[in-house]
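Q: PDB, C-alpha atoms, file structure21.pdb:
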MODEL        1
ATOM      1  CA  MET V   1      -8.668  26.173   6.551  1.00  0.00           C
ATOM      2  CA  THR V   2     -10.517  25.934   9.870  1.00  0.00           C
ATOM      3  CA  LEU V   3     -10.625  22.349  11.130  1.00  0.00           C
ATOM      4  CA  LEU V   4     -12.310  22.812  14.519  1.00  0.00           C
ATOM      5  CA  SER V   5     -14.751  25.606  15.313  1.00  0.00           C
ATOM      6  CA  VAL V   6     -16.286  26.055  18.772  1.00  0.00           C
ATOM      7  CA  GLU V   7     -18.804  28.894  18.865  1.00  0.00           C
ATOM      8  CA  HIS V   8     -20.446  30.310  22.013  1.00  0.00           C
ATOM      9  CA  VAL V   9     -20.608  26.907  23.695  1.00  0.00           C
ATOM     10  CA  ALA V  10     -22.438  26.396  26.985  1.00  0.00           C
ATOM     11  CA  ALA V  11     -22.472  23.178  29.019  1.00  0.00           C
ATOM     12  CA  HIS V  12     -23.827  21.896  32.320  1.00  0.00           C
ATOM     13  CA  TYR V  13     -23.069  19.191  34.845  1.00  0.00           C
ATOM     14  CA  GLY V  14     -26.620  18.461  35.920  1.00  0.00           C
ATOM     15  CA  ALA V  15     -28.109  21.715  37.175  1.00  0.00           C
ATOM     16  CA  SER V  16     -24.709  23.410  37.484  1.00  0.00           C
ATOM     17  CA  GLN V  17     -23.535  25.431  34.502  1.00  0.00           C
ATOM     18  CA  ALA V  18     -19.804  24.990  33.794  1.00  0.00           C
ATOM     19  CA  LEU V  19     -19.419  26.700  30.412  1.00  0.00           C
ATOM     20  CA  PHE V  20     -21.180  29.933  29.544  1.00  0.00           C
ATOM     21  CA  ASP V  21     -19.647  31.258  26.329  1.00  0.00           C
ATOM     22  CA  VAL V  22     -16.596  29.431  24.981  1.00  0.00           C
ATOM     23  CA  SER V  23     -15.352  30.124  21.471  1.00  0.00           C
ATOM     24  CA  LEU V  24     -12.153  28.923  19.798  1.00  0.00           C
ATOM     25  CA  SER V  25     -10.939  27.629  16.469  1.00  0.00           C
ATOM     26  CA  VAL V  26      -8.071  25.472  15.265  1.00  0.00           C
ATOM     27  CA  ALA V  27      -6.842  25.572  11.681  1.00  0.00           C
ATOM     28  CA  GLU V  28      -5.222  22.731   9.763  1.00  0.00           C
ATOM     29  CA  GLY V  29      -1.670  22.301  11.025  1.00  0.00           C
ATOM     30  CA  GLU V  30      -2.080  24.874  13.808  1.00  0.00           C
ATOM     31  CA  VAL V  31      -1.089  24.520  17.455  1.00  0.00           C
ATOM     32  CA  LEU V  32      -3.559  26.226  19.794  1.00  0.00           C
ATOM     33  CA  ALA V  33      -2.898  26.621  23.514  1.00  0.00           C
ATOM     34  CA  LEU V  34      -5.974  26.529  25.765  1.00  0.00           C
ATOM     35  CA  LEU V  35      -5.133  28.389  28.967  1.00  0.00           C
ATOM     36  CA  GLY V  36      -6.688  29.474  32.233  1.00  0.00           C
ATOM     37  CA  ARG V  37      -6.425  29.042  35.956  1.00  0.00           C
ATOM     38  CA  ASN V  38      -7.580  25.800  37.573  1.00  0.00           C
ATOM     39  CA  GLY V  39     -11.324  25.237  37.454  1.00  0.00           C
ATOM     40  CA  MET V  40     -12.025  27.704  34.640  1.00  0.00           C
ATOM     41  CA  GLY V  41     -13.448  25.167  32.177  1.00  0.00           C
ATOM     42  CA  LYS V  42     -10.550  23.879  30.105  1.00  0.00           C
ATOM     43  CA  THR V  43     -11.160  20.145  30.613  1.00  0.00           C
ATOM     44  CA  THR V  44     -14.909  20.683  30.334  1.00  0.00           C
ATOM     45  CA  THR V  45     -14.319  22.353  26.965  1.00  0.00           C
ATOM     46  CA  VAL V  46     -12.288  19.333  25.874  1.00  0.00           C
ATOM     47  CA  LYS V  47     -15.131  17.049  26.936  1.00  0.00           C
ATOM     48  CA  THR V  48     -17.651  19.022  24.878  1.00  0.00           C
ATOM     49  CA  ILE V  49     -15.411  18.854  21.804  1.00  0.00           C
ATOM     50  CA  CYS V  50     -15.051  15.086  22.176  1.00  0.00           C
ATOM     51  CA  ARG V  51     -18.790  14.758  22.937  1.00  0.00           C
ATOM     52  CA  MET V  52     -18.255  13.230  26.360  1.00  0.00           C
ATOM     53  CA  LEU V  53     -20.405  16.074  27.693  1.00  0.00           C
ATOM     54  CA  PRO V  54     -23.355  17.461  25.719  1.00  0.00           C
ATOM     55  CA  THR V  55     -23.537  21.136  24.923  1.00  0.00           C
ATOM     56  CA  THR V  56     -26.548  23.143  26.062  1.00  0.00           C
ATOM     57  CA  GLY V  57     -25.825  26.060  23.763  1.00  0.00           C
ATOM     58  CA  GLY V  58     -23.629  27.067  20.854  1.00  0.00           C
ATOM     59  CA  SER V  59     -22.030  24.751  18.309  1.00  0.00           C
ATOM     60  CA  VAL V  60     -19.024  22.479  17.806  1.00  0.00           C
ATOM     61  CA  MET V  61     -18.012  21.885  14.186  1.00  0.00           C
ATOM     62  CA  PHE V  62     -15.220  19.620  12.948  1.00  0.00           C
ATOM     63  CA  ASP V  63     -14.201  19.744   9.306  1.00  0.00           C
ATOM     64  CA  GLY V  64     -17.551  21.345   8.524  1.00  0.00           C
ATOM     65  CA  GLN V  65     -19.608  18.712  10.350  1.00  0.00           C
ATOM     66  CA  ASP V  66     -21.855  19.598  13.278  1.00  0.00           C
ATOM     67  CA  LEU V  67     -20.946  17.331  16.199  1.00  0.00           C
ATOM     68  CA  ALA V  68     -24.085  18.040  18.245  1.00  0.00           C
ATOM     69  CA  ARG V  69     -25.558  14.571  17.768  1.00  0.00           C
ATOM     70  CA  VAL V  70     -22.386  12.627  17.074  1.00  0.00           C
ATOM     71  CA  PRO V  71     -21.434  10.101  19.801  1.00  0.00           C
ATOM     72  CA  SER V  72     -17.917  10.257  21.183  1.00  0.00           C
ATOM     73  CA  TYR V  73     -16.678   7.080  19.480  1.00  0.00           C
ATOM     74  CA  LYS V  74     -17.683   8.478  16.092  1.00  0.00           C
ATOM     75  CA  VAL V  75     -15.944  11.768  16.898  1.00  0.00           C
ATOM     76  CA  ALA V  76     -12.751   9.740  17.341  1.00  0.00           C
ATOM     77  CA  ARG V  77     -13.349   8.069  13.979  1.00  0.00           C
ATOM     78  CA  LEU V  78     -13.765  11.487  12.347  1.00  0.00           C
ATOM     79  CA  GLY V  79     -10.200  12.293  13.325  1.00  0.00           C
ATOM     80  CA  ILE V  80     -10.047  13.777  16.834  1.00  0.00           C
ATOM     81  CA  GLY V  81      -7.516  12.061  19.070  1.00  0.00           C
ATOM     82  CA  LEU V  82      -7.537  12.692  22.823  1.00  0.00           C
ATOM     83  CA  VAL V  83      -4.739  12.422  25.363  1.00  0.00           C
ATOM     84  CA  PRO V  84      -6.907  12.717  28.488  1.00  0.00           C
ATOM     85  CA  GLU V  85      -5.977  14.273  31.781  1.00  0.00           C
ATOM     86  CA  GLY V  86      -4.732  11.494  34.078  1.00  0.00           C
ATOM     87  CA  ARG V  87      -3.480   9.283  31.175  1.00  0.00           C
ATOM     88  CA  ARG V  88      -6.119   6.519  31.597  1.00  0.00           C
ATOM     89  CA  CYS V  89      -4.112   3.734  30.031  1.00  0.00           C
ATOM     90  CA  PHE V  90      -5.560   0.229  30.015  1.00  0.00           C
ATOM     91  CA  THR V  91      -3.487  -0.862  32.984  1.00  0.00           C
ATOM     92  CA  ASN V  92      -4.011  -4.626  32.574  1.00  0.00           C
ATOM     93  CA  LEU V  93      -2.941  -4.593  28.914  1.00  0.00           C
ATOM     94  CA  THR V  94       0.619  -4.517  27.611  1.00  0.00           C
ATOM     95  CA  VAL V  95       2.069  -1.504  25.862  1.00  0.00           C
ATOM     96  CA  ARG V  96       1.576  -3.116  22.456  1.00  0.00           C
ATOM     97  CA  GLU V  97      -2.001  -4.156  23.325  1.00  0.00           C
ATOM     98  CA  ASN V  98      -2.833  -0.601  24.438  1.00  0.00           C
ATOM     99  CA  LEU V  99      -1.649   0.687  21.084  1.00  0.00           C
ATOM    100  CA  ILE V 100      -3.294  -1.999  18.968  1.00  0.00           C
ATOM    101  CA  ALA V 101      -6.602  -1.460  20.765  1.00  0.00           C
ATOM    102  CA  ALA V 102      -6.747   2.120  19.486  1.00  0.00           C
ATOM    103  CA  ALA V 103      -5.132   1.646  16.081  1.00  0.00           C
ATOM    104  CA  ARG V 104      -6.687   2.849  12.849  1.00  0.00           C
ATOM    105  CA  ALA V 105      -5.202   2.725   9.377  1.00  0.00           C
ATOM    106  CA  GLY V 106      -2.755   5.483   8.536  1.00  0.00           C
ATOM    107  CA  GLY V 107       0.821   6.643   8.813  1.00  0.00           C
ATOM    108  CA  TRP V 108       1.125   6.142  12.574  1.00  0.00           C
ATOM    109  CA  ASP V 109       1.925   2.538  13.528  1.00  0.00           C
ATOM    110  CA  PHE V 110       3.853   0.866  16.341  1.00  0.00           C
ATOM    111  CA  GLU V 111       7.241   1.423  14.741  1.00  0.00           C
ATOM    112  CA  ARG V 112       6.607   5.122  14.232  1.00  0.00           C
ATOM    113  CA  VAL V 113       5.326   5.821  17.750  1.00  0.00           C
ATOM    114  CA  ALA V 114       8.191   3.748  19.167  1.00  0.00           C
ATOM    115  CA  ALA V 115      10.624   5.956  17.234  1.00  0.00           C
ATOM    116  CA  LEU V 116       9.001   9.007  18.822  1.00  0.00           C
ATOM    117  CA  PHE V 117       9.078   7.393  22.290  1.00  0.00           C
ATOM    118  CA  PRO V 118      11.882   4.759  22.384  1.00  0.00           C
ATOM    119  CA  PRO V 119      11.061   3.553  25.953  1.00  0.00           C
ATOM    120  CA  LEU V 120       7.807   2.107  24.600  1.00  0.00           C
ATOM    121  CA  ALA V 121       9.714  -0.207  22.269  1.00  0.00           C
ATOM    122  CA  ASP V 122      11.781  -1.517  25.183  1.00  0.00           C
ATOM    123  CA  ARG V 123       8.628  -2.132  27.245  1.00  0.00           C
ATOM    124  CA  ARG V 124       6.293  -3.368  24.538  1.00  0.00           C
ATOM    125  CA  ASP V 125       5.444  -6.568  26.432  1.00  0.00           C
ATOM    126  CA  GLN V 126       5.050  -4.994  29.878  1.00  0.00           C
ATOM    127  CA  VAL V 127       1.592  -4.255  31.249  1.00  0.00           C
ATOM    128  CA  ALA V 128       0.847  -0.546  31.488  1.00  0.00           C
ATOM    129  CA  ALA V 129       0.426  -0.736  35.270  1.00  0.00           C
ATOM    130  CA  SER V 130       4.151  -1.513  35.591  1.00  0.00           C
ATOM    131  CA  LEU V 131       5.257   1.640  33.741  1.00  0.00           C
ATOM    132  CA  SER V 132       6.408   4.836  35.393  1.00  0.00           C
ATOM    133  CA  GLY V 133       4.140   7.880  35.253  1.00  0.00           C
ATOM    134  CA  GLY V 134       6.203   9.376  32.459  1.00  0.00           C
ATOM    135  CA  GLU V 135       6.125   6.168  30.436  1.00  0.00           C
ATOM    136  CA  GLN V 136       2.358   5.954  30.896  1.00  0.00           C
ATOM    137  CA  GLN V 137       2.073   9.507  29.560  1.00  0.00           C
ATOM    138  CA  MET V 138       4.139   8.556  26.529  1.00  0.00           C
ATOM    139  CA  LEU V 139       1.835   5.587  26.046  1.00  0.00           C
ATOM    140  CA  ALA V 140      -1.263   7.801  26.257  1.00  0.00           C
ATOM    141  CA  ILE V 141       0.134  10.101  23.563  1.00  0.00           C
ATOM    142  CA  ALA V 142       1.212   7.172  21.401  1.00  0.00           C
ATOM    143  CA  ARG V 143      -2.241   5.589  21.769  1.00  0.00           C
ATOM    144  CA  ALA V 144      -3.859   8.807  20.502  1.00  0.00           C
ATOM    145  CA  LEU V 145      -1.418   8.919  17.579  1.00  0.00           C
ATOM    146  CA  MET V 146      -2.310   5.333  16.663  1.00  0.00           C
ATOM    147  CA  THR V 147      -5.826   6.559  15.868  1.00  0.00           C
ATOM    148  CA  ASN V 148      -4.176   8.634  13.108  1.00  0.00           C
ATOM    149  CA  PRO V 149      -5.993  11.842  14.031  1.00  0.00           C
ATOM    150  CA  ARG V 150      -6.196  15.095  12.114  1.00  0.00           C
ATOM    151  CA  LEU V 151      -6.527  16.970  15.417  1.00  0.00           C
ATOM    152  CA  MET V 152      -4.951  15.788  18.645  1.00  0.00           C
ATOM    153  CA  ILE V 153      -5.974  17.225  22.003  1.00  0.00           C
ATOM    154  CA  LEU V 154      -3.502  17.016  24.892  1.00  0.00           C
ATOM    155  CA  ASP V 155      -5.070  17.761  28.272  1.00  0.00           C
ATOM    156  CA  GLU V 156      -2.344  18.543  30.843  1.00  0.00           C
ATOM    157  CA  ALA V 157       0.048  16.069  29.223  1.00  0.00           C
ATOM    158  CA  THR V 158       3.072  17.254  31.236  1.00  0.00           C
ATOM    159  CA  GLU V 159       1.420  17.714  34.625  1.00  0.00           C
ATOM    160  CA  GLY V 160       3.136  15.988  37.548  1.00  0.00           C
ATOM    161  CA  LEU V 161       6.034  14.600  35.523  1.00  0.00           C
ATOM    162  CA  ALA V 162       9.728  14.753  36.314  1.00  0.00           C
ATOM    163  CA  PRO V 163      11.598  17.566  34.492  1.00  0.00           C
ATOM    164  CA  LEU V 164      13.461  15.220  32.128  1.00  0.00           C
ATOM    165  CA  VAL V 165      10.251  13.459  31.138  1.00  0.00           C
ATOM    166  CA  ARG V 166       8.487  16.798  30.659  1.00  0.00           C
ATOM    167  CA  GLN V 167      11.285  17.767  28.301  1.00  0.00           C
ATOM    168  CA  GLU V 168      10.802  14.552  26.323  1.00  0.00           C
ATOM    169  CA  ILE V 169       7.078  15.240  25.986  1.00  0.00           C
ATOM    170  CA  TRP V 170       7.669  18.813  24.794  1.00  0.00           C
ATOM    171  CA  CYS V 171      10.269  17.566  22.311  1.00  0.00           C
ATOM    172  CA  ALA V 172       7.700  15.101  20.961  1.00  0.00           C
ATOM    173  CA  ILE V 173       5.108  17.893  20.606  1.00  0.00           C
ATOM    174  CA  SER V 174       7.670  20.012  18.746  1.00  0.00           C
ATOM    175  CA  THR V 175       8.409  17.084  16.463  1.00  0.00           C
ATOM    176  CA  LEU V 176       4.720  16.612  15.709  1.00  0.00           C
ATOM    177  CA  LYS V 177       4.398  20.273  14.782  1.00  0.00           C
ATOM    178  CA  ARG V 178       7.538  20.321  12.689  1.00  0.00           C
ATOM    179  CA  GLU V 179       7.192  17.014  10.840  1.00  0.00           C
ATOM    180  CA  THR V 180       3.433  16.425  10.460  1.00  0.00           C
ATOM    181  CA  GLY V 181       0.420  18.386   9.280  1.00  0.00           C
ATOM    182  CA  MET V 182      -1.505  17.483  12.419  1.00  0.00           C
ATOM    183  CA  ALA V 183      -3.397  20.190  14.281  1.00  0.00           C
ATOM    184  CA  LEU V 184      -2.877  20.281  18.047  1.00  0.00           C
ATOM    185  CA  LEU V 185      -4.961  21.676  20.899  1.00  0.00           C
ATOM    186  CA  VAL V 186      -2.759  21.798  23.994  1.00  0.00           C
ATOM    187  CA  VAL V 187      -4.017  22.405  27.530  1.00  0.00           C
ATOM    188  CA  ASP V 188      -1.037  23.189  29.743  1.00  0.00           C
ATOM    189  CA  LYS V 189       0.322  25.706  32.244  1.00  0.00           C
ATOM    190  CA  SER V 190       3.905  25.807  30.956  1.00  0.00           C
ATOM    191  CA  LEU V 191       3.978  29.144  29.143  1.00  0.00           C
ATOM    192  CA  LYS V 192       7.701  28.957  28.401  1.00  0.00           C
ATOM    193  CA  GLU V 193       7.348  25.681  26.478  1.00  0.00           C
ATOM    194  CA  LEU V 194       4.061  26.716  24.895  1.00  0.00           C
ATOM    195  CA  ASN V 195       5.717  29.847  23.519  1.00  0.00           C
ATOM    196  CA  GLU V 196       8.021  27.584  21.539  1.00  0.00           C
ATOM    197  CA  VAL V 197       5.285  25.461  19.921  1.00  0.00           C
ATOM    198  CA  ALA V 198       1.915  27.251  20.015  1.00  0.00           C
ATOM    199  CA  ASP V 199       0.769  29.594  17.253  1.00  0.00           C
ATOM    200  CA  HIS V 200      -2.269  31.012  19.017  1.00  0.00           C
ATOM    201  CA  ALA V 201      -3.860  30.897  22.460  1.00  0.00           C
ATOM    202  CA  VAL V 202      -7.295  31.135  24.036  1.00  0.00           C
ATOM    203  CA  ILE V 203      -7.764  31.947  27.708  1.00  0.00           C
ATOM    204  CA  LEU V 204     -10.824  30.864  29.684  1.00  0.00           C
ATOM    205  CA  GLU V 205     -12.142  32.387  32.873  1.00  0.00           C
ATOM    206  CA  ARG V 206     -15.224  31.084  34.664  1.00  0.00           C
ATOM    207  CA  GLY V 207     -16.395  29.186  31.618  1.00  0.00           C
ATOM    208  CA  GLU V 208     -15.989  32.021  29.118  1.00  0.00           C
ATOM    209  CA  THR V 209     -13.427  32.955  26.490  1.00  0.00           C
ATOM    210  CA  VAL V 210     -11.872  36.161  27.802  1.00  0.00           C
ATOM    211  CA  TRP V 211      -8.795  36.481  25.576  1.00  0.00           C
ATOM    212  CA  SER V 212      -7.594  35.120  22.243  1.00  0.00           C
ATOM    213  CA  GLY V 213      -4.679  35.987  20.024  1.00  0.00           C
ATOM    214  CA  ALA V 214      -1.160  35.074  19.007  1.00  0.00           C
ATOM    215  CA  MET V 215       0.773  33.152  21.637  1.00  0.00           C
ATOM    216  CA  HIS V 216       3.587  35.714  21.609  1.00  0.00           C
ATOM    217  CA  ASP V 217       1.069  38.495  22.420  1.00  0.00           C
ATOM    218  CA  ILE V 218       0.530  37.153  25.941  1.00  0.00           C
ATOM    219  CA  ASP V 219       2.346  39.829  27.922  1.00  0.00           C
ATOM    220  CA  GLU V 220       2.772  40.411  31.642  1.00  0.00           C
ATOM    221  CA  GLY V 221      -0.535  42.265  31.815  1.00  0.00           C
ATOM    222  CA  VAL V 222      -2.459  39.346  30.327  1.00  0.00           C
ATOM    223  CA  LYS V 223      -0.624  36.888  32.582  1.00  0.00           C
ATOM    224  CA  GLY V 224      -1.386  38.944  35.673  1.00  0.00           C
ATOM    225  CA  GLN V 225      -5.049  39.444  34.807  1.00  0.00           C
ATOM    226  CA  PHE V 226      -5.977  35.955  33.669  1.00  0.00           C
ATOM    227  CA  LEU V 227      -3.224  33.449  34.520  1.00  0.00           C
ATOM    228  CA  GLY V 228      -1.690  34.557  37.808  1.00  0.00           C
ATOM    229  CA  VAL V 229      -2.438  33.007  41.168  1.00  0.00           C
TER
ENDMDL
END
What's the structure tokens form of this structure?
A:
Amino acid sequence: MTLLSVEHVAAHYGASQALFDVSLSVAEGEVLALLGRNGMGKTTTVKTICRMLPTTGGSVMFDGQDLARVPSYKVARLGIGLVPEGRRCFTNLTVRENLIAAARAGGWDFERVAALFPPLADRRDQVAASLSGGEQQMLAIARALMTNPRLMILDEATEGLAPLVRQEIWCAISTLKRETGMALLVVDKSLKELNEVADHAVILERGETVWSGAMHDIDEGVKGQFLGV
């Protein structure tokens, strides 16, 4: 069953058009990779899905509901969790306070996210500003999980992290796929790791969907045409 459907979406920043024709879909329990070179519209697409940026064309549907006039906070309540680019933790709050602030009823609670990311349990009473970059990224993912989403969007969740921390994040994503029925939309550049977790992929170029298919169908030709430097 299709959970998220984005059809021919266009979007603008003021007078400048950023998205021209973006289409993608995510089924229940599916992991979709959203790919493209820098500046091609990936984060803008995420913003339109979460209603932080209005669409000027096309449609965004979640679980059969049109999100065109739904404010972003209600989109979160419908079951879309966001791990934003740049983490954006509440730096003056403790780890536990960050998680409680976002919590909604469901299977994900402090004990469960702490089991997924043990460093958070050890630092539960530390303010987020005192955490390392990797720990802040774990906190951002845990905060999204505490909303008990049906779809979680991870926007560059491994960017700029040390290799060992990146590995921990990818292990957590694999665990989410393997042990939950949660759908995931993952924006990342790490094709090797994505090949291990993603079912399908969509590639954007200059604000348009230019390729979609199974993740394992991305060959050297596709990489060279759409993903190479």
Q: Which residue is closest to Leu191 in chain V? Choose from V:Glu156, V:Ala101, V:Val9, V:Leu35 and count all atoms listed in the file.
A: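 Residue with the minimum atom-to-atom distance to Leu191 in chain V: V:Leu35.
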Q: By how many Å are CA of Glu168 in chain V and CA of Leu227 in chain V apart?
A: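 Interatomic distance, CA of Glu168 in chain V to CA of Leu227 in chain V: 24.9 Å.
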Q: Take CA of Leu24 in chain V and CA of Cys171 in chain V and report the distance between them in Å, one decimal.
A: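 These atoms are spaced 25.3 Å apart.
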Q: Counting all atoms listed in the file, find the residues whose atoms lie at most 7 Å from (1.3, -5.9, 34.2) (file coordinates) and write them out as a short mmCIF file (atom, residue, chain, number, x, y, z; two decimals) with C-alpha atoms, in the frame of the given file.
A:
data_model
loop_
_atom_site.label_atom_id
_atom_site.label_comp_id
_atom_site.auth_asym_id
_atom_site.auth_seq_id
_atom_site.Cartn_x
_atom_site.Cartn_y
_atom_site.Cartn_z
CA ASN V 92 -4.01 -4.63 32.57
CA LEU V 93 -2.94 -4.59 28.91
CA THR V 94 0.62 -4.52 27.61
CA GLN V 126 5.05 -4.99 29.88
CA VAL V 127 1.59 -4.26 31.25
CA ALA V 128 0.85 -0.55 31.49
CA ALA V 129 0.43 -0.74 35.27
CA SER V 130 4.15 -1.51 35.59
#
Q: With the PyMOL selection byres ((chain V and resi 165) around 12) as the selection, what would be picked from this file? Answer as an mmCIF file with C-alpha atoms, in the coordinates of the input, please.
A:
data_model
loop_
_atom_site.group_PDB
_atom_site.id
_atom_site.type_symbol
_atom_site.label_atom_id
_atom_site.label_comp_id
_atom_site.auth_asym_id
_atom_site.auth_seq_id
_atom_site.Cartn_x
_atom_site.Cartn_y
_atom_site.Cartn_z
ATOM 1 C CA PHE V 117 9.078 7.393 22.290
ATOM 2 C CA PRO V 119 11.061 3.553 25.953
ATOM 3 C CA SER V 132 6.408 4.836 35.393
ATOM 4 C CA GLY V 133 4.140 7.880 35.253
ATOM 5 C CA GLY V 134 6.203 9.376 32.459
ATOM 6 C CA GLU V 135 6.125 6.168 30.436
ATOM 7 C CA GLN V 136 2.358 5.954 30.896
ATOM 8 C CA GLN V 137 2.073 9.507 29.560
ATOM 9 C CA MET V 138 4.139 8.556 26.529
ATOM 10 C CA ALA V 157 0.048 16.069 29.223
ATOM 11 C CA THR V 158 3.072 17.254 31.236
ATOM 12 C CA GLU V 159 1.420 17.714 34.625
ATOM 13 C CA GLY V 160 3.136 15.988 37.548
ATOM 14 C CA LEU V 161 6.034 14.600 35.523
ATOM 15 C CA ALA V 162 9.728 14.753 36.314
ATOM 16 C CA PRO V 163 11.598 17.566 34.492
ATOM 17 C CA LEU V 164 13.461 15.220 32.128
ATOM 18 C CA ARG V 166 8.487 16.798 30.659
ATOM 19 C CA GLN V 167 11.285 17.767 28.301
ATOM 20 C CA GLU V 168 10.802 14.552 26.323
ATOM 21 C CA ILE V 169 7.078 15.240 25.986
ATOM 22 C CA TRP V 170 7.669 18.813 24.794
ATOM 23 C CA CYS V 171 10.269 17.566 22.311
ATOM 24 C CA ALA V 172 7.700 15.101 20.961
#
Q: Taking (-0.3, 25.0, 36.4) in the coordinates of the supplied file, I want to know which residues reach to within 8 Å of it, counting all atoms listed in the file; could you give the answer as a list in words?
A: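 Collected hits near the coordinates: Arg37, Asn38, Glu159, Asp188, Lys189 and Ser190 of chain V.
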Q: Saving range 188-224 of chain V with C-alpha atoms, as a PDB file, in the first residue's frame, what would that file be?
A:
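Output (decode.pdb):
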ATOM      1  CA  ASP V 188      22.231  10.420   1.488  1.00  0.00           C
ATOM      2  CA  LYS V 189      25.247  10.153  -0.808  1.00  0.00           C
ATOM      3  CA  SER V 190      26.586   6.838   0.506  1.00  0.00           C
ATOM      4  CA  LEU V 191      25.578   4.447  -2.269  1.00  0.00           C
ATOM      5  CA  LYS V 192      27.393   1.483  -0.731  1.00  0.00           C
ATOM      6  CA  GLU V 193      25.391   1.693   2.510  1.00  0.00           C
ATOM      7  CA  LEU V 194      22.173   2.588   0.714  1.00  0.00           C
ATOM      8  CA  ASN V 195      22.496  -0.544  -1.413  1.00  0.00           C
ATOM      9  CA  GLU V 196      22.257  -2.565   1.782  1.00  0.00           C
ATOM     10  CA  VAL V 197      19.064  -0.936   3.108  1.00  0.00           C
ATOM     11  CA  ALA V 198      17.138   0.801   0.307  1.00  0.00           C
ATOM     12  CA  ASP V 199      14.529  -0.990  -1.795  1.00  0.00           C
ATOM     13  CA  HIS V 200      14.049   1.703  -4.415  1.00  0.00           C
ATOM     14  CA  ALA V 201      15.627   5.008  -5.407  1.00  0.00           C
ATOM     15  CA  VAL V 202      14.636   8.280  -7.033  1.00  0.00           C
ATOM     16  CA  ILE V 203      17.200  10.624  -8.549  1.00  0.00           C
ATOM     17  CA  LEU V 204      16.626  14.365  -8.891  1.00  0.00           C
ATOM     18  CA  GLU V 205      18.345  16.734 -11.269  1.00  0.00           C
ATOM     19  CA  ARG V 206      17.595  20.452 -11.383  1.00  0.00           C
ATOM     20  CA  GLY V 207      14.346  20.023  -9.509  1.00  0.00           C
ATOM     21  CA  GLU V 208      12.983  17.150 -11.593  1.00  0.00           C
ATOM     22  CA  THR V 209      12.727  13.395 -11.172  1.00  0.00           C
ATOM     23  CA  VAL V 210      15.033  11.999 -13.845  1.00  0.00           C
ATOM     24  CA  TRP V 211      15.354   8.362 -12.750  1.00  0.00           C
ATOM     25  CA  SER V 212      13.466   5.926 -10.536  1.00  0.00           C
ATOM     26  CA  GLY V 213      13.741   2.210 -10.002  1.00  0.00           C
ATOM     27  CA  ALA V 214      15.147  -0.526  -7.814  1.00  0.00           C
ATOM     28  CA  MET V 215      18.202   0.488  -5.819  1.00  0.00           C
ATOM     29  CA  HIS V 216      20.240  -2.388  -7.255  1.00  0.00           C
ATOM     30  CA  ASP V 217      19.502  -1.142 -10.809  1.00  0.00           C
ATOM     31  CA  ILE V 218      21.699   1.928 -10.325  1.00  0.00           C
ATOM     32  CA  ASP V 219      24.630   0.963 -12.529  1.00  0.00           C
ATOM     33  CA  GLU V 220      27.784   2.802 -13.541  1.00  0.00           C
ATOM     34  CA  GLY V 221      25.965   4.523 -16.393  1.00  0.00           C
ATOM     35  CA  VAL V 222      23.316   5.960 -14.080  1.00  0.00           C
ATOM     36  CA  LYS V 223      25.972   6.999 -11.559  1.00  0.00           C
ATOM     37  CA  GLY V 224      28.027   8.732 -14.231  1.00  0.00           C
TER      38      GLY V 224
END
